[in-house]
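*Asks:* One structure, as structure tokens, below. Some questions next.
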Amino acid sequence: MADLVSEGTPPASESSKPLARPRPEPNVPRHRFGLAYMILAGVLGAAVGLFVVLTADGGKKSEPTWSTWKPKESGVQRLNEIARHVEGRYALSDGRKLVLVLSTPLEVQSQNQPVPLRAIAVTPGLPGQSAQDARFYDASTGWAFNFCGAATDCALPGTASQSRYALLQREALELALYTFKYEPGIQSVVAYLPPAKTAASGTATNTAIFLRRQDLAAALDRPLDRTLPTSKGPLRPGRMSQHELEVVKQYTGSRIFGYEFRPLQDGTVSIVLEPLTRR
């Protein structure tokens with residue numbers, strides 16, 4: 001090393017200047033660079049994965065399941081499936097089914113042939129007002145569920161009671177909720193109730209529960225069991241809690257109607273609903 005320095009001895013005027021030494025390079029093992037790249041790649045991959053998930057889900061958290069049971073069929077078969085499922089959840093005190101439920105388009109029998117309904121007319125039910133003052137709804141976007149009991153003319157067997165009637169209201173509500181939730185094209189549901197005799201005249205009256213999608217908007221936005229709690233086995237008369245009775249009344253109490261079928265001027269047929277109770 002001494003010989004190398006003497007060969008390159010600078011002039012006397014520059015001998016006092018210190019020799020510039022190169023800055024030492026950090027001695028970092030190569031395996032550390034590999035580890036750092038792996039960590040960065042992992043972070044980048046996680047970020048990309050999170051971005052894909054958020055993009056696919058719209059950045060929203062997954063919503064809770066609306067119902068534990070869901071129909072598997074489509075179209076008319078789906079509506080029939082809903083009817084079969086719901087009818088099995090209600091029973092008389094002796095354990096027999098409360099009613100059989102027939103799922104069908106809105107129609108009326110004429111000369112033993114089904115005739116589609118053109119409109120649903122809801123009258124105000126106020127003194128001095130008639131069908132001319134009715135509100136009309138498109139029947140082609142509606143659906144019907146016919147309740148048939150085991151007695152004559154589809155009436156319920158045995159003695160009539162408020163608890164049995166409350167079950168019919170609950171069943172109509174449940175059918176409508178499932179229908180609106182899983183069949184988006186349906187905008188209204190008519191549940192034809194079994195005929196019941198009035199106390200005053202003793203004659204049978206035709207009654208139905210008419211529910212529109214917008215009537216049940218709040219219940220459709222939350223899980224079903226928050227509106228209609230799940231029961232163990234078929235629900236029988238007198239088994240609903242007071243809170244559940246109030247919920248059923250809230251959604252159906254003012255939507256119970258007497259009904260009849262009337263021809264329209266263009267030759268088609270409408271169903272005219274007259275409220276039995278006022279809001």
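Ordered as shown in the structure tokens, chains take letters A, B, and onward, while each chain numbers its residues from 1 and ligands are numbered from 1 in the order shown.
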If you count only C-alpha atoms, which residues fall within 7 Å of range 233-237 of chain A, apart from same-chain ones fewer than 3 positions away, as JSON, numbers by chain?
*Replies:* {"A": [88, 89, 90, 91, 92, 93, 163, 164, 167]}
*Asks:* Per residue of range 145-236 of chain A within 7 Å of range 101-122 of chain A, note the shortest atom pair and the distance in Å to one decimal, counting only C-alpha atoms, and order the rows by chain and increasing residue number, as CSV.
*Replies:*
```
residue,atom,partner,partner_atom,distance
A:Phe145,CA,A:Ser103,CA,4.8
A:Asn146,CA,A:Leu102,CA,4.9
A:Phe147,CA,A:Val101,CA,4.9
A:Cys148,CA,A:Val101,CA,6.4
```
*Asks:* Take the residues just selected and output them with C-alpha atoms as a PDB file, in the first residue's frame.
*Replies:*
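Saved as result.pdb:
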```
ATOM      1  CA  PHE A 145    -104.791 -16.840  -2.889  1.00  0.00           C
ATOM      2  CA  ASN A 146    -108.077 -18.656  -2.260  1.00  0.00           C
ATOM      3  CA  PHE A 147    -108.558 -19.981   1.290  1.00  0.00           C
ATOM      4  CA  CYS A 148    -110.693 -23.112   1.447  1.00  0.00           C
TER       5      CYS A 148
END
```
*Asks:* With distances taken over only C-alpha atoms, which residue among A:Cys154, A:Ala196, A:Ala139, A:Leu211 lies nearest Leu173 in chain A?
*Replies:*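 Looking only at the distances to Leu173 in chain A, the closest residue turns out to be A:Leu211.
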*Asks:* Would you please extract all helix (DSSP H, G or I) residues from range 66-146 of chain A, as assigned by DSSP on the backbone, and give them as a PDB file with N, CA and C atoms, in the first residue's frame?
*Replies:*
```pdb
ATOM      1  N   GLY A  75     -91.554 -18.085 -11.451  1.00  0.00           N
ATOM      2  CA  GLY A  75     -92.826 -17.772 -12.072  1.00  0.00           C
ATOM      3  C   GLY A  75     -94.017 -18.294 -11.280  1.00  0.00           C
ATOM      4  N   VAL A  76     -94.992 -18.858 -11.991  1.00  0.00           N
ATOM      5  CA  VAL A  76     -96.214 -19.359 -11.358  1.00  0.00           C
ATOM      6  C   VAL A  76     -95.884 -20.483 -10.372  1.00  0.00           C
ATOM      7  N   GLN A  77     -94.934 -21.332 -10.725  1.00  0.00           N
ATOM      8  CA  GLN A  77     -94.551 -22.427  -9.828  1.00  0.00           C
ATOM      9  C   GLN A  77     -93.999 -21.905  -8.508  1.00  0.00           C
ATOM     10  N   ARG A  78     -93.335 -20.781  -8.552  1.00  0.00           N
ATOM     11  CA  ARG A  78     -92.824 -20.179  -7.312  1.00  0.00           C
ATOM     12  C   ARG A  78     -93.986 -19.730  -6.422  1.00  0.00           C
ATOM     13  N   LEU A  79     -94.996 -19.127  -7.011  1.00  0.00           N
ATOM     14  CA  LEU A  79     -96.162 -18.690  -6.239  1.00  0.00           C
ATOM     15  C   LEU A  79     -96.924 -19.881  -5.666  1.00  0.00           C
ATOM     16  N   ASN A  80     -97.023 -20.966  -6.437  1.00  0.00           N
ATOM     17  CA  ASN A  80     -97.643 -22.189  -5.922  1.00  0.00           C
ATOM     18  C   ASN A  80     -96.832 -22.768  -4.762  1.00  0.00           C
ATOM     19  N   GLU A  81     -95.506 -22.694  -4.888  1.00  0.00           N
ATOM     20  CA  GLU A  81     -94.624 -23.187  -3.833  1.00  0.00           C
ATOM     21  C   GLU A  81     -94.809 -22.388  -2.546  1.00  0.00           C
ATOM     22  N   ILE A  82     -94.945 -21.085  -2.678  1.00  0.00           N
ATOM     23  CA  ILE A  82     -95.198 -20.231  -1.510  1.00  0.00           C
ATOM     24  C   ILE A  82     -96.508 -20.616  -0.841  1.00  0.00           C
ATOM     25  N   ALA A  83     -97.548 -20.856  -1.642  1.00  0.00           N
ATOM     26  CA  ALA A  83     -98.848 -21.237  -1.092  1.00  0.00           C
ATOM     27  C   ALA A  83     -98.750 -22.546  -0.304  1.00  0.00           C
ATOM     28  N   ARG A  84     -98.057 -23.538  -0.851  1.00  0.00           N
ATOM     29  CA  ARG A  84     -97.918 -24.830  -0.163  1.00  0.00           C
ATOM     30  C   ARG A  84     -97.135 -24.687   1.135  1.00  0.00           C
ATOM     31  N   HIS A  85     -96.091 -23.869   1.092  1.00  0.00           N
ATOM     32  CA  HIS A  85     -95.277 -23.691   2.299  1.00  0.00           C
ATOM     33  C   HIS A  85     -96.072 -23.020   3.410  1.00  0.00           C
ATOM     34  N   VAL A  86     -96.765 -21.941   3.083  1.00  0.00           N
ATOM     35  CA  VAL A  86     -97.465 -21.164   4.107  1.00  0.00           C
ATOM     36  C   VAL A  86     -98.677 -21.916   4.651  1.00  0.00           C
ATOM     37  N   GLU A  87     -99.421 -22.619   3.810  1.00  0.00           N
ATOM     38  CA  GLU A  87    -100.617 -23.316   4.300  1.00  0.00           C
ATOM     39  C   GLU A  87    -100.265 -24.383   5.333  1.00  0.00           C
ATOM     40  N   ALA A 131    -119.153   3.027  -6.445  1.00  0.00           N
ATOM     41  CA  ALA A 131    -118.034   2.491  -7.223  1.00  0.00           C
ATOM     42  C   ALA A 131    -117.451   3.537  -8.174  1.00  0.00           C
ATOM     43  N   GLN A 132    -118.241   4.559  -8.494  1.00  0.00           N
ATOM     44  CA  GLN A 132    -117.731   5.619  -9.368  1.00  0.00           C
ATOM     45  C   GLN A 132    -116.606   6.403  -8.695  1.00  0.00           C
ATOM     46  N   ASP A 133    -116.582   6.366  -7.367  1.00  0.00           N
ATOM     47  CA  ASP A 133    -115.540   7.090  -6.627  1.00  0.00           C
ATOM     48  C   ASP A 133    -114.359   6.180  -6.252  1.00  0.00           C
ATOM     49  N   ALA A 139    -105.133  -5.170 -12.448  1.00  0.00           N
ATOM     50  CA  ALA A 139    -105.257  -6.551 -11.963  1.00  0.00           C
ATOM     51  C   ALA A 139    -104.200  -7.474 -12.575  1.00  0.00           C
ATOM     52  N   SER A 140    -103.592  -7.068 -13.698  1.00  0.00           N
ATOM     53  CA  SER A 140    -102.610  -7.940 -14.354  1.00  0.00           C
ATOM     54  C   SER A 140    -101.328  -8.079 -13.538  1.00  0.00           C
ATOM     55  N   THR A 141    -101.092  -7.139 -12.608  1.00  0.00           N
ATOM     56  CA  THR A 141     -99.909  -7.239 -11.750  1.00  0.00           C
ATOM     57  C   THR A 141    -100.279  -7.741 -10.356  1.00  0.00           C
TER      58      THR A 141
END
```
*Asks:* Report as a PyMOL selection string: the residues of range 118-258 of chain A with a DSSP assignment of strand (DSSP E or B), based on the backbone of this structure.
*Replies:* chain A and resi 118-122+135-138+142-148+188-192+196-197+204-205+207-212+235+256-258
*Asks:* CA of Ile256 in chain A to CA of Gln162 in chain A: how many Å, to one decimal?
*Replies:*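 Going from CA of Ile256 in chain A over to CA of Gln162 in chain A, I get 14.4 Å.
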*Asks:* Report as CSV the residues of range 208-267 of chain A within 7 Å of range 175-189 of chain A, each with its shortest atom pair and distance in Å (one decimal), using only C-alpha atoms, ordered by chain and increasing residue number.
*Replies:*
```
residue,atom,partner,partner_atom,distance
A:Phe210,CA,A:Val189,CA,5.9
A:Leu211,CA,A:Val189,CA,5.3
A:Arg212,CA,A:Ser188,CA,4.2
A:Arg213,CA,A:Gln187,CA,5.2
A:Leu220,CA,A:Lys181,CA,6.6
```
*Asks:* For the selection just defined, write its residues with N, CA and C atoms to a file, as a CSV table (one decimal), in the first residue's frame.
*Replies:*
```csv
chain,number,residue,atom,x,y,z
A,210,PHE,N,-107.0,-7.3,0.9
A,210,PHE,CA,-106.3,-6.8,-0.2
A,210,PHE,C,-105.0,-6.0,0.2
A,211,LEU,N,-103.9,-6.5,-0.2
A,211,LEU,CA,-102.6,-5.9,0.2
A,211,LEU,C,-101.8,-5.5,-1.0
A,212,ARG,N,-101.2,-4.3,-0.9
A,212,ARG,CA,-100.4,-3.8,-2.0
A,212,ARG,C,-98.9,-3.8,-1.5
A,213,ARG,N,-98.0,-3.9,-2.4
A,213,ARG,CA,-96.6,-3.9,-2.1
A,213,ARG,C,-96.2,-2.7,-1.2
A,220,LEU,N,-91.0,-5.5,4.5
A,220,LEU,CA,-90.1,-6.1,3.5
A,220,LEU,C,-88.7,-5.7,3.6
```
*Asks:* Between CA of Val272 in chain A and CA of Thr207 in chain A, what distance in Å does the model show, to one decimal?
*Replies:*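 Atom-to-atom, CA of Val272 in chain A to CA of Thr207 in chain A, that is 11.2 Å.
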*Asks:* Identify which of the residues A:Arg255, A:Lys97, A:Arg262, A:Lys70 lies closest to Ala208 in chain A, counting only C-alpha atoms when measuring atom-to-atom distances.
*Replies:*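 Closest residue, counting only C-alpha atoms: A:Arg255.
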*Asks:* State, in Å with one decimal place, the distance from CA of Gly125 in chain A to CA of Val248 in chain A.
*Replies:*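 Pair CA of Gly125 in chain A / CA of Val248 in chain A returns 22.1 Å.
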*Asks:* For Glu260 in chain A, which residue among A:Leu216, A:Val190, A:Leu126, A:Leu273 is the nearest when counting only C-alpha atoms?
*Replies:*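 Closest to Glu260 in chain A, using only C-alpha atoms: A:Leu273.
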